[in-house]
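Shown here: my_file_0.txt, compact mmCIF, C-alpha atoms and all ligand atoms.
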```txt
# COMPACT_ATOMS: atom_id res chain seq x y z
CA MET C 1 -15.80 17.47 -7.30
CA GLU C 2 -12.37 16.83 -5.79
CA ASP C 3 -11.81 13.38 -4.38
CA PRO C 4 -12.38 13.75 -0.59
CA ILE C 5 -9.57 11.29 0.22
CA PHE C 6 -7.02 13.17 -1.88
CA ASP C 7 -8.28 16.42 -0.38
CA ARG C 8 -7.63 15.13 3.09
CA ALA C 9 -4.20 13.88 2.07
CA LYS C 10 -3.25 17.37 0.93
CA LYS C 11 -4.62 18.94 4.07
CA LYS C 12 -2.48 16.67 6.24
CA LEU C 13 0.65 17.54 4.30
CA ARG C 14 -0.11 21.23 4.59
CA LYS C 15 -0.19 20.97 8.39
CA VAL C 16 3.44 19.82 8.62
CA GLU C 17 5.97 22.57 9.31
CA ARG C 18 8.60 21.32 6.86
CA ILE C 19 8.55 18.53 4.26
CA THR C 20 11.71 17.16 2.72
CA LEU C 21 11.39 14.85 -0.26
CA VAL C 22 14.27 12.49 -0.88
CA ALA C 23 14.18 11.62 -4.57
CA SER C 24 16.38 9.73 -7.01
CA GLY C 25 16.41 9.13 -10.75
CA LYS C 26 16.59 5.39 -10.27
CA GLY C 27 16.71 2.78 -7.52
CA GLY C 28 19.80 1.52 -5.78
CA VAL C 29 21.54 4.81 -5.14
CA GLY C 30 20.91 4.88 -1.40
CA LYS C 31 17.73 6.96 -1.32
CA SER C 32 16.02 5.11 1.52
CA ILE C 33 19.16 5.10 3.69
CA LEU C 34 19.51 8.84 3.15
CA ALA C 35 15.85 9.48 3.99
CA ALA C 36 16.11 7.32 7.11
CA SER C 37 19.39 8.91 8.25
CA LEU C 38 18.13 12.43 7.71
CA ALA C 39 14.92 11.71 9.61
CA LEU C 40 16.88 10.14 12.44
CA THR C 41 19.21 13.13 12.67
CA SER C 42 16.24 15.46 12.65
CA ALA C 43 14.54 13.53 15.48
CA ASN C 44 17.79 13.44 17.46
CA ARG C 45 17.98 17.18 17.24
CA GLY C 46 14.59 17.44 18.88
CA TYR C 47 12.33 18.06 15.90
CA ARG C 48 9.09 16.09 15.96
CA THR C 49 9.88 14.05 12.89
CA GLY C 50 8.01 11.62 10.67
CA LEU C 51 9.40 9.35 7.98
CA LEU C 52 7.01 8.37 5.21
CA ASP C 53 7.93 5.60 2.81
CA LEU C 54 6.22 6.18 -0.55
CA ASP C 55 8.35 3.71 -2.43
CA ILE C 56 5.47 1.32 -3.18
CA HIS C 57 7.30 -1.42 -5.00
CA GLY C 58 10.27 -1.54 -2.68
CA PRO C 59 9.16 -0.26 0.70
CA SER C 60 12.36 -0.64 2.71
CA ILE C 61 11.94 1.76 5.64
CA PRO C 62 10.56 -0.93 8.00
CA ASN C 63 13.54 -3.18 7.18
CA ILE C 64 16.06 -0.42 7.79
CA PHE C 65 14.68 0.12 11.27
CA GLY C 66 14.07 -3.57 11.88
CA PHE C 67 10.46 -2.82 12.71
CA ASN C 68 7.91 -5.52 11.95
CA ASP C 69 5.31 -5.29 14.69
CA GLU C 70 1.66 -5.01 13.86
CA LEU C 71 0.32 -1.57 13.05
CA VAL C 72 -2.24 -0.09 15.40
CA ALA C 73 -5.24 1.96 14.30
CA GLY C 74 -6.96 4.68 16.29
CA LYS C 75 -10.29 6.41 15.83
CA GLU C 76 -8.93 8.55 13.03
CA GLY C 77 -6.78 6.10 11.12
CA LEU C 78 -3.35 4.50 11.19
CA ILE C 79 -1.00 5.38 14.03
CA PRO C 80 2.65 5.53 12.95
CA PRO C 81 4.84 3.50 15.32
CA VAL C 82 7.59 5.48 17.04
CA VAL C 83 11.00 3.95 16.40
CA ASN C 84 14.25 5.59 17.53
CA GLY C 85 12.27 8.71 18.37
CA LEU C 86 10.69 9.14 14.94
CA LYS C 87 7.31 8.20 13.53
CA LEU C 88 7.35 5.71 10.67
CA MET C 89 4.76 4.93 8.03
CA SER C 90 5.08 2.59 5.10
CA LEU C 91 2.91 0.26 3.06
CA GLY C 92 5.57 -2.26 4.00
CA LEU C 93 4.05 -2.32 7.49
CA MET C 94 0.81 -3.58 5.99
CA VAL C 95 1.82 -6.10 3.36
CA GLY C 96 4.42 -8.18 5.20
CA GLY C 97 6.71 -9.89 2.74
CA ASN C 98 4.19 -9.75 -0.11
CA PRO C 99 5.09 -8.06 -3.36
CA VAL C 100 3.10 -4.90 -4.11
CA PRO C 101 2.10 -5.19 -7.78
CA LEU C 102 -0.04 -2.07 -7.88
CA LYS C 103 -0.71 -0.37 -11.17
CA GLY C 104 -2.15 2.87 -12.54
CA GLU C 105 -5.22 4.00 -10.68
CA SER C 106 -4.67 1.55 -7.80
CA LYS C 107 -1.25 3.02 -7.21
CA ARG C 108 -2.46 6.58 -7.02
CA SER C 109 -5.43 5.62 -4.88
CA ALA C 110 -3.27 3.58 -2.46
CA LEU C 111 -0.92 6.53 -1.94
CA SER C 112 -3.86 8.85 -1.51
CA PHE C 113 -5.34 6.64 1.21
CA LEU C 114 -1.96 6.20 2.88
CA LEU C 115 -1.46 9.97 3.08
CA ALA C 116 -5.03 10.58 4.19
CA MET C 117 -5.22 7.79 6.77
CA THR C 118 -1.97 8.36 8.67
CA GLU C 119 -2.36 10.18 11.97
CA TRP C 120 0.95 12.01 12.37
CA GLY C 121 -0.15 14.38 15.11
CA ASP C 122 1.87 17.59 15.18
CA LEU C 123 5.03 17.32 13.11
CA ASP C 124 7.91 19.75 12.67
CA HIS C 125 9.48 17.76 9.88
CA LEU C 126 8.28 15.05 7.54
CA VAL C 127 10.89 13.27 5.45
CA ILE C 128 9.44 11.44 2.45
CA ASP C 129 11.27 8.54 0.87
CA MET C 130 10.03 9.06 -2.68
CA PRO C 131 9.46 6.37 -5.28
CA PRO C 132 12.49 6.25 -7.61
CA GLY C 133 12.24 7.65 -11.12
CA THR C 134 9.62 9.70 -12.90
CA GLY C 135 6.60 7.38 -12.98
CA ASP C 136 3.00 7.54 -11.78
CA GLU C 137 3.86 7.62 -8.09
CA THR C 138 6.26 10.50 -8.42
CA LEU C 139 3.73 12.49 -10.40
CA PHE C 140 1.10 11.72 -7.82
CA CYS C 141 3.31 12.96 -4.97
CA LEU C 142 4.14 16.14 -6.81
CA ARG C 143 0.46 16.74 -7.44
CA ALA C 144 -0.33 16.23 -3.75
CA LEU C 145 2.36 18.76 -2.81
CA ARG C 146 1.66 21.32 -5.50
CA ASN C 147 1.69 24.93 -4.28
CA MET C 148 2.90 24.01 -0.82
CA ASP C 149 5.77 26.25 0.11
CA ASN C 150 6.67 24.05 3.09
CA ALA C 151 8.11 21.38 0.78
CA GLY C 152 11.36 20.92 -1.09
CA ALA C 153 13.38 18.09 -2.56
CA ILE C 154 16.85 16.66 -2.16
CA VAL C 155 18.02 14.65 -5.14
CA ILE C 156 20.41 11.80 -4.44
CA THR C 157 22.69 10.30 -7.06
CA THR C 158 25.96 8.49 -7.43
CA PRO C 159 28.75 10.20 -9.38
CA SER C 160 28.59 7.77 -12.33
CA SER C 161 27.48 9.20 -15.66
CA LEU C 162 24.46 6.95 -16.09
CA SER C 163 22.93 8.08 -12.86
CA ARG C 164 23.69 11.65 -13.86
CA SER C 165 21.62 11.32 -17.02
CA VAL C 166 18.68 9.80 -15.13
CA VAL C 167 19.01 12.44 -12.50
CA ALA C 168 18.79 15.15 -15.16
CA ARG C 169 15.36 13.83 -16.17
CA LEU C 170 14.19 13.84 -12.57
CA ILE C 171 15.43 17.39 -12.02
CA GLY C 172 13.54 18.43 -15.15
CA LEU C 173 10.33 16.88 -13.88
CA LEU C 174 10.62 18.36 -10.39
CA ARG C 175 11.19 21.82 -11.82
CA GLU C 176 8.35 21.54 -14.34
CA GLU C 177 5.99 20.53 -11.57
CA GLY C 178 7.04 23.48 -9.48
CA MET C 179 8.95 21.62 -6.76
CA ARG C 180 11.83 23.48 -5.14
CA ILE C 181 15.11 21.55 -5.23
CA TYR C 182 17.48 22.21 -2.34
CA GLY C 183 20.39 20.50 -4.05
CA LEU C 184 22.12 17.21 -4.69
CA VAL C 185 23.48 14.61 -2.36
CA GLU C 186 26.25 12.60 -3.88
CA ASN C 187 26.29 9.04 -2.58
CA MET C 188 29.07 6.45 -2.84
CA ALA C 189 31.32 9.41 -3.51
CA TYR C 190 34.47 8.16 -1.84
CA ILE C 191 36.00 5.42 0.21
CA LYS C 192 38.64 5.85 2.88
CA CYS C 193 41.36 3.27 2.59
CA CYS C 194 44.90 3.04 3.99
CA GLY C 195 44.90 6.73 4.91
CA GLU C 196 43.80 7.74 1.42
CA THR C 197 40.50 9.00 0.08
CA LEU C 198 39.58 7.32 -3.22
CA ARG C 199 36.77 8.35 -5.54
CA PRO C 200 36.10 5.11 -7.47
CA PHE C 201 33.13 6.48 -9.46
CA GLY C 202 34.64 9.88 -10.23
CA SER C 203 33.02 13.19 -9.38
CA ILE C 204 30.00 15.17 -10.46
CA ASP C 205 31.50 17.86 -12.64
CA ASP C 206 30.89 21.54 -12.14
CA ASP C 207 29.39 21.88 -15.63
CA PHE C 208 26.55 19.59 -14.63
CA LEU C 209 25.92 21.56 -11.48
CA SER C 210 25.98 24.96 -13.12
CA ARG C 211 23.80 23.79 -16.02
CA TYR C 212 21.05 22.96 -13.50
CA GLY C 213 21.88 25.70 -11.05
CA LEU C 214 22.38 23.20 -8.25
CA ARG C 215 25.00 22.54 -5.64
CA ILE C 216 26.13 19.50 -3.73
CA LEU C 217 24.71 19.58 -0.22
CA ALA C 218 26.60 16.55 1.03
CA SER C 219 28.97 13.85 -0.20
CA LEU C 220 28.47 10.50 1.41
CA PRO C 221 31.11 7.80 1.67
CA ILE C 222 30.79 4.18 0.64
CA ASP C 223 30.32 2.71 4.06
CA LEU C 224 29.77 -1.01 4.27
CA SER C 225 29.21 -0.82 7.99
CA ILE C 226 25.75 0.65 7.44
CA GLU C 227 24.43 -2.60 5.91
CA GLU C 228 26.06 -4.43 8.78
CA ARG C 229 24.30 -2.20 11.32
CA ILE C 230 20.93 -2.73 9.61
CA LYS C 231 21.41 -6.50 9.78
CA LYS C 232 22.14 -6.23 13.49
CA GLY C 233 19.14 -3.96 14.10
CA ARG C 234 21.40 -1.05 15.03
CA PHE C 235 20.82 1.35 12.19
CA SER C 236 20.30 4.27 14.55
CA GLU C 237 24.00 4.28 15.44
CA LEU C 238 25.10 6.14 12.33
CA PRO C 239 28.85 5.96 11.63
CA GLY C 240 30.85 9.12 12.36
CA ASP C 241 31.47 10.47 8.86
CA PHE C 242 27.93 9.79 7.84
CA ARG C 243 26.48 11.41 10.91
CA TYR C 244 28.58 14.52 10.38
CA GLN C 245 27.30 14.83 6.79
CA MET C 246 23.70 14.42 7.97
CA GLU C 247 24.10 17.16 10.57
CA LYS C 248 25.47 19.41 7.87
CA LEU C 249 22.62 18.54 5.50
CA LEU C 250 20.04 19.27 8.18
CA ASP C 251 21.69 22.65 8.85
CA GLU C 252 21.39 23.43 5.16
CA LEU C 253 17.68 22.60 5.16
CA VAL C 254 16.95 24.58 8.29
CA GLY C 255 18.97 27.44 6.83
CA VAL C 256 16.71 27.55 3.76
CA GLY C 257 13.88 28.40 6.16
CA MET X 1 -12.40 2.23 12.59
CA HIS X 2 -11.34 5.03 10.29
CA GLU X 3 -14.95 6.04 9.70
CA TRP X 4 -14.43 9.22 11.75
CA SER X 5 -11.59 10.22 9.53
CA LEU X 6 -13.70 9.60 6.42
CA ALA X 7 -16.59 11.58 7.88
CA GLU X 8 -14.28 14.52 8.41
CA ALA X 9 -12.96 14.23 4.88
CA ILE X 10 -16.49 14.16 3.47
CA LEU X 11 -17.55 17.24 5.42
CA GLU X 12 -14.38 19.10 4.54
CA ALA X 13 -15.09 18.43 0.88
CA ILE X 14 -18.71 19.60 1.02
CA ILE X 15 -18.59 22.68 3.27
CA PRO X 16 -16.55 24.80 0.81
CA ILE X 17 -19.09 24.02 -1.92
CA VAL X 18 -21.96 25.18 0.27
CA LYS X 19 -20.07 28.41 0.97
CA HIS X 20 -19.15 28.84 -2.65
CA GLU X 21 -22.76 28.47 -3.76
CA SER X 22 -23.89 30.81 -0.96
CA ALA X 23 -26.48 28.21 0.00
CA GLY X 24 -28.02 28.16 3.44
CA ARG X 25 -27.84 24.50 4.22
CA VAL X 26 -27.51 21.04 2.82
CA SER X 27 -30.60 18.84 2.91
CA GLU X 28 -29.27 15.69 1.33
CA VAL X 29 -25.91 14.00 0.65
CA GLU X 30 -25.44 10.80 -1.28
CA ILE X 31 -22.20 8.91 -0.93
CA VAL X 32 -21.10 6.02 -3.11
CA TYR X 33 -18.48 3.76 -1.61
CA GLY X 34 -16.67 0.65 -2.72
CA GLU X 35 -17.44 -2.64 -1.01
CA MET X 36 -13.73 -3.12 -0.40
CA MET X 37 -13.73 -0.26 2.08
CA GLU X 38 -15.73 -2.47 4.46
CA LEU X 39 -17.38 0.59 5.95
CA GLU X 40 -19.41 0.40 9.10
CA LEU X 41 -22.26 2.60 8.00
CA ASP X 42 -23.71 3.08 11.49
CA ILE X 43 -20.45 4.54 12.67
CA LEU X 44 -19.96 6.65 9.55
CA ARG X 45 -23.49 8.02 9.82
CA PHE X 46 -23.08 8.76 13.52
CA ALA X 47 -19.73 10.46 12.87
CA LEU X 48 -21.23 12.56 10.07
CA GLU X 49 -24.13 13.60 12.28
CA GLU X 50 -21.89 14.49 15.21
CA LEU X 51 -19.27 16.36 13.17
CA SER X 52 -21.82 18.27 11.12
CA LYS X 53 -23.36 19.92 14.20
CA GLY X 54 -23.05 23.67 13.87
CA THR X 55 -22.25 23.44 10.13
CA PRO X 56 -24.54 23.89 7.12
CA LEU X 57 -24.82 20.10 7.04
CA GLU X 58 -26.49 19.80 10.42
CA GLY X 59 -29.67 17.79 10.07
CA SER X 60 -28.88 16.77 6.51
CA ARG X 61 -29.98 13.37 5.28
CA PHE X 62 -26.97 11.15 4.58
CA MET X 63 -27.54 8.35 2.10
CA PHE X 64 -25.10 5.63 1.18
CA ARG X 65 -24.84 3.40 -1.83
CA GLU X 66 -22.43 0.49 -2.00
CA GLU X 67 -20.63 -0.38 -5.19
CA LYS X 68 -19.98 -4.13 -5.23
CA ALA X 69 -16.41 -5.22 -5.77
CA SER X 70 -15.50 -7.37 -8.74
CA PHE X 71 -12.22 -8.76 -9.97
CA ARG X 72 -11.02 -10.24 -13.25
CA CYS X 73 -7.87 -12.29 -13.76
CA ASN X 74 -5.54 -11.24 -16.59
CA SER X 75 -3.99 -14.70 -16.73
CA CYS X 76 -6.98 -17.02 -16.90
CA GLY X 77 -9.98 -14.70 -17.31
CA TYR X 78 -11.72 -15.88 -14.13
CA LYS X 79 -14.06 -13.37 -12.45
CA TRP X 80 -14.82 -13.23 -8.77
CA ASP X 81 -16.46 -11.16 -6.03
CA PHE X 82 -15.35 -9.76 -2.69
CA GLU X 83 -16.61 -12.66 -0.64
CA GLN X 84 -14.55 -15.08 -2.64
CA ALA X 85 -11.63 -12.66 -2.64
CA HIS X 86 -11.54 -12.72 1.15
CA ASP X 87 -10.58 -16.38 1.11
CA THR X 88 -7.35 -15.56 -0.70
CA LEU X 89 -6.21 -12.94 1.83
CA PRO X 90 -3.19 -13.91 3.89
CA GLU X 91 -4.33 -14.41 7.48
CA ASP X 92 -1.15 -13.32 9.17
CA LEU X 93 -1.63 -9.71 8.10
CA GLY X 94 -3.74 -7.36 10.13
CA ILE X 95 -4.00 -3.98 11.75
CA ARG X 96 -4.87 -3.97 15.43
CA GLU X 97 -7.64 -1.70 16.52
CA GLY X 98 -6.33 0.33 19.45
CA THR X 99 -9.36 0.29 21.73
CA SER X 100 -10.94 -3.12 21.13
CA GLY X 101 -7.82 -5.05 20.16
CA ASP X 102 -9.65 -6.54 17.18
CA ARG X 103 -7.65 -7.20 14.06
CA GLU X 104 -8.79 -5.70 10.80
CA SER X 105 -7.64 -6.29 7.28
CA PRO X 106 -5.27 -3.65 5.84
CA ILE X 107 -7.72 -3.45 2.93
CA HIS X 108 -10.21 -1.77 5.24
CA PHE X 109 -7.79 1.17 5.51
CA ILE X 110 -6.27 1.10 2.04
CA PRO X 111 -8.68 -0.72 -0.30
CA ASP X 112 -6.17 -0.79 -3.12
CA LEU X 113 -3.97 -3.15 -1.17
CA ALA X 114 -6.34 -5.80 -2.48
CA GLN X 115 -4.14 -5.73 -5.53
CA ALA X 116 -1.13 -6.57 -3.41
CA LEU X 117 -2.63 -9.05 -1.00
CA MET X 118 -5.06 -11.10 -3.06
CA ARG X 119 -4.62 -13.70 -5.75
CA CYS X 120 -6.83 -15.12 -8.45
CA PRO X 121 -8.87 -17.85 -6.68
CA SER X 122 -8.71 -19.96 -9.83
CA CYS X 123 -5.07 -19.87 -10.99
CA GLY X 124 -3.26 -18.06 -8.16
CA SER X 125 -1.99 -15.21 -10.31
CA ARG X 126 -1.43 -11.77 -8.83
CA ASP X 127 -2.07 -10.17 -12.19
CA PHE X 128 -5.73 -9.21 -12.05
CA GLU X 129 -7.89 -6.15 -12.44
CA VAL X 130 -10.03 -4.59 -9.74
CA GLU X 131 -13.02 -3.73 -11.92
CA SER X 132 -15.12 -2.00 -9.28
CA GLY X 133 -15.59 -1.50 -5.57
CA ARG X 134 -12.59 0.61 -4.60
CA GLY X 135 -12.92 4.20 -3.46
CA LEU X 136 -15.39 6.62 -2.02
CA ARG X 137 -17.03 9.56 -3.71
CA ILE X 138 -19.63 12.16 -2.99
CA TYR X 139 -22.29 11.40 -5.56
CA LYS X 140 -24.88 14.05 -4.83
CA VAL X 141 -25.30 17.13 -2.62
CA VAL X 142 -28.69 18.82 -2.44
CA LEU X 143 -28.50 22.46 -1.35
CA GLU X 144 -31.32 24.46 0.15
CA GLY X 145 -31.96 28.19 0.55
ZN ZN C 301 -6.52 -16.57 -12.84
```

Target format structure tokens, applied to this file:
Amino acid sequence: MEDPIFDRAKKKLRKVERITLVASGKGGVGKSILAASLALTSANRGYRTGLLDLDIHGPSIPNIFGFNDELVAGKEGLIPPVVNGLKLMSLGLMVGGNPVPLKGESKRSALSFLLAMTEWGDLDHLVIDMPPGTGDETLFCLRALRNMDNAGAIVITTPSSLSRSVVARLIGLLREEGMRIYGLVENMAYIKCCGETLRPFGSIDDDFLSRYGLRILASLPIDLSIEERIKKGRFSELPGDFRYQMEKLLDELVGVG
Amino acid sequence: MHEWSLAEAILEAIIPIVKHESAGRVSEVEIVYGEMMELELDILRFALEELSKGTPLEGSRFMFREEKASFRCNSCGYKWDFEQAHDTLPEDLGIREGTSGDRESPIHFIPDLAQALMRCPSCGSRDFEVESGRGLRIYKVVLEG
């Protein structure tokens, strides 16, 4: 018999109008910032939006939004706090500063409970900050979302060749598990300096894109002011260039239907 | 107080089976749950009874069996139980219950967080195994008619 908790988790995901996974081949490429910015832009545009942090070992969504109040539970489970107009959920809200050394079965079960216990209410759009890489957690998420045509993934990478080879593995896994990929987001693509646009890490070449049948949905600048804004608790004021790219990205997603 | 949510999940898992087997009704359900879930059985039973009204599970006998939690340290080999484990939980962490304002442990909602929030009572290591007492499963469903 199917695990009733996992069953419920799937049912909750099926109820959401649109699910966007933000995935990366490895950590440190700006996945959580992208997920948070996209969710914020979606909420600003009037969609009822949730942001779910499934990065167990490095849950950073609460930090990005500077949210560290206590979680509240209702009759049906955990109530996601509303921050900057969007609903947040993360294991980070439950473990404080503790490390999260979950392994194997515990990991899958924790994610299953998190998905099953969160009371999102009616959502138009759920953005999921995926665990980096191709491990247990990623497989679990793909299993939970299997055969749901309301879900698709954005893969974020930097232009450097190492991240391109890890990203190739991730793309392979997503495709094998039947997950639609909307396209790539290239992060740390350029920096504007003295009236010039520099691309310090190079570019993702067209060969790579055509080999995987993917296109670049957005190129994001290296923008040190974002870290600065997070430190000051003002993440929601996205810088101009960044905001423009997020609007464009959201248009692309909505356009896919 | 997520017992209502669990009750719904349990019913949603059983009702399709009843339909699939073309059975009339369910007379008995046995549920095995881990001690770490800290379930309030009265509430769970009440929720199951209320939510099953008008379904093939109405009037069914709900039975519960608790699986005790046990832990074993990978560093020093020490073994301990849930009662002792509670003493190692950080006290500053909690989830506030909306209506009563009581604080509950996050483990009540996500039992596997034990692995993140507890330590070995003997040596303090976080590297330990949860040997039993975690999840919830439907152990037995008796169909009738
Ligand atoms: Zn020990």

For Leu6 (chain X), find every residue with an atom within 10 Å (counting all atoms listed in the file), except residues of its own chain fewer than 6 positions away, and show them as a VMD selection string.
(chain C and resid 4 to 5 8 76 to 77 116 to 117) or (chain X and resid 12 39 44 47 to 48 136)

Set out as a tab-separated table a contact list for chain X and ligand ZN 301 (chain C) with a cut-off of 7 Å, giving each residue of chain X that qualifies its closest atom pair and distance in Å to one decimal, counting all atoms listed in the file, ordered by chain and rising residue number.
```
residue	atom	partner	partner_atom	distance
X:Cys73	CA	C:ZN301	ZN	4.6
X:Asn74	CA	C:ZN301	ZN	6.6
X:Ser75	CA	C:ZN301	ZN	5.0
X:Cys76	CA	C:ZN301	ZN	4.1
X:Gly77	CA	C:ZN301	ZN	6.0
X:Tyr78	CA	C:ZN301	ZN	5.4
X:Cys120	CA	C:ZN301	ZN	4.6
X:Pro121	CA	C:ZN301	ZN	6.7
X:Ser122	CA	C:ZN301	ZN	5.0
X:Cys123	CA	C:ZN301	ZN	4.1
X:Gly124	CA	C:ZN301	ZN	5.9
X:Ser125	CA	C:ZN301	ZN	5.4
```

Proximity of chain C to chain X: per-residue shortest pair, 12 Å limit, all atoms listed in the file, as a tab-separated table:
```
residue	atom	partner	partner_atom	distance
C:Met1	CA	X:Ile138	CA	7.8
C:Glu2	CA	X:Ala13	CA	7.4
C:Asp3	CA	X:Arg137	CA	6.5
C:Pro4	CA	X:Ala9	CA	5.5
C:Ile5	CA	X:Ala9	CA	6.5
C:Phe6	CA	X:Ala9	CA	9.1
C:Asp7	CA	X:Ala13	CA	7.2
C:Arg8	CA	X:Ala9	CA	5.7
C:Ala9	CA	X:Ala9	CA	9.2
C:Lys10	CA	X:Ala9	CA	10.9
C:Lys11	CA	X:Ala9	CA	9.6
C:Lys12	CA	X:Ala9	CA	10.8
C:Ile56	CA	X:Ala116	CA	10.3
C:His57	CA	X:Ala116	CA	10.0
C:Asn68	CA	X:Leu93	CA	11.1
C:Asp69	CA	X:Ile95	CA	9.9
C:Glu70	CA	X:Ile95	CA	6.1
C:Leu71	CA	X:Ile95	CA	5.1
C:Val72	CA	X:Arg96	CA	4.7
C:Ala73	CA	X:Glu97	CA	4.9
C:Gly74	CA	X:Gly98	CA	5.4
C:Lys75	CA	X:Met1	CA	5.7
C:Glu76	CA	X:Ser5	CA	4.7
C:Gly77	CA	X:His2	CA	4.8
C:Leu78	CA	X:Phe109	CA	7.9
C:Ile79	CA	X:Gly98	CA	9.1
C:Pro80	CA	X:Ile95	CA	11.7
C:Ser90	CA	X:Ile110	CA	11.8
C:Leu91	CA	X:Leu113	CA	8.8
C:Gly92	CA	X:Ala116	CA	10.9
C:Leu93	CA	X:Ile95	CA	9.3
C:Met94	CA	X:Pro106	CA	6.1
C:Val95	CA	X:Leu93	CA	6.9
C:Gly96	CA	X:Leu93	CA	6.9
C:Gly97	CA	X:Leu93	CA	9.9
C:Asn98	CA	X:Leu117	CA	6.9
C:Pro99	CA	X:Ala116	CA	6.4
C:Val100	CA	X:Ala116	CA	4.6
C:Pro101	CA	X:Ala116	CA	5.6
C:Leu102	CA	X:Gln115	CA	6.0
C:Lys103	CA	X:Gln115	CA	8.5
C:Gly104	CA	X:Glu129	CA	10.7
C:Glu105	CA	X:Asp112	CA	9.0
C:Ser106	CA	X:Asp112	CA	5.4
C:Lys107	CA	X:Asp112	CA	7.4
C:Arg108	CA	X:Asp112	CA	9.1
C:Ser109	CA	X:Asp112	CA	6.7
C:Ala110	CA	X:Asp112	CA	5.3
C:Leu111	CA	X:Ile110	CA	8.6
C:Ser112	CA	X:Ile110	CA	8.9
C:Phe113	CA	X:Ile110	CA	5.7
C:Leu114	CA	X:Ile110	CA	6.7
C:Leu115	CA	X:Ile110	CA	10.1
C:Ala116	CA	X:Ser5	CA	8.5
C:Met117	CA	X:Phe109	CA	7.2
C:Thr118	CA	X:Phe109	CA	9.8
C:Glu119	CA	X:Ser5	CA	9.5
```

Fewer than 2 positions away in the same chain doesn't count, so skip those; otherwise give me all residues within 7 Å of Phe62 (chain X), counting all atoms listed in the file, as a ChimeraX atom specification.
/X:28-30,60,64

Nearby residues (all atoms listed in the file) at most 8 Å from region 30-35 of chain C, same-chain spacing under 5 positions excluded, as JSON, numbers by chain
{"C": [22, 23, 24, 51, 60, 61, 64, 127, 128, 129, 156, 187]}
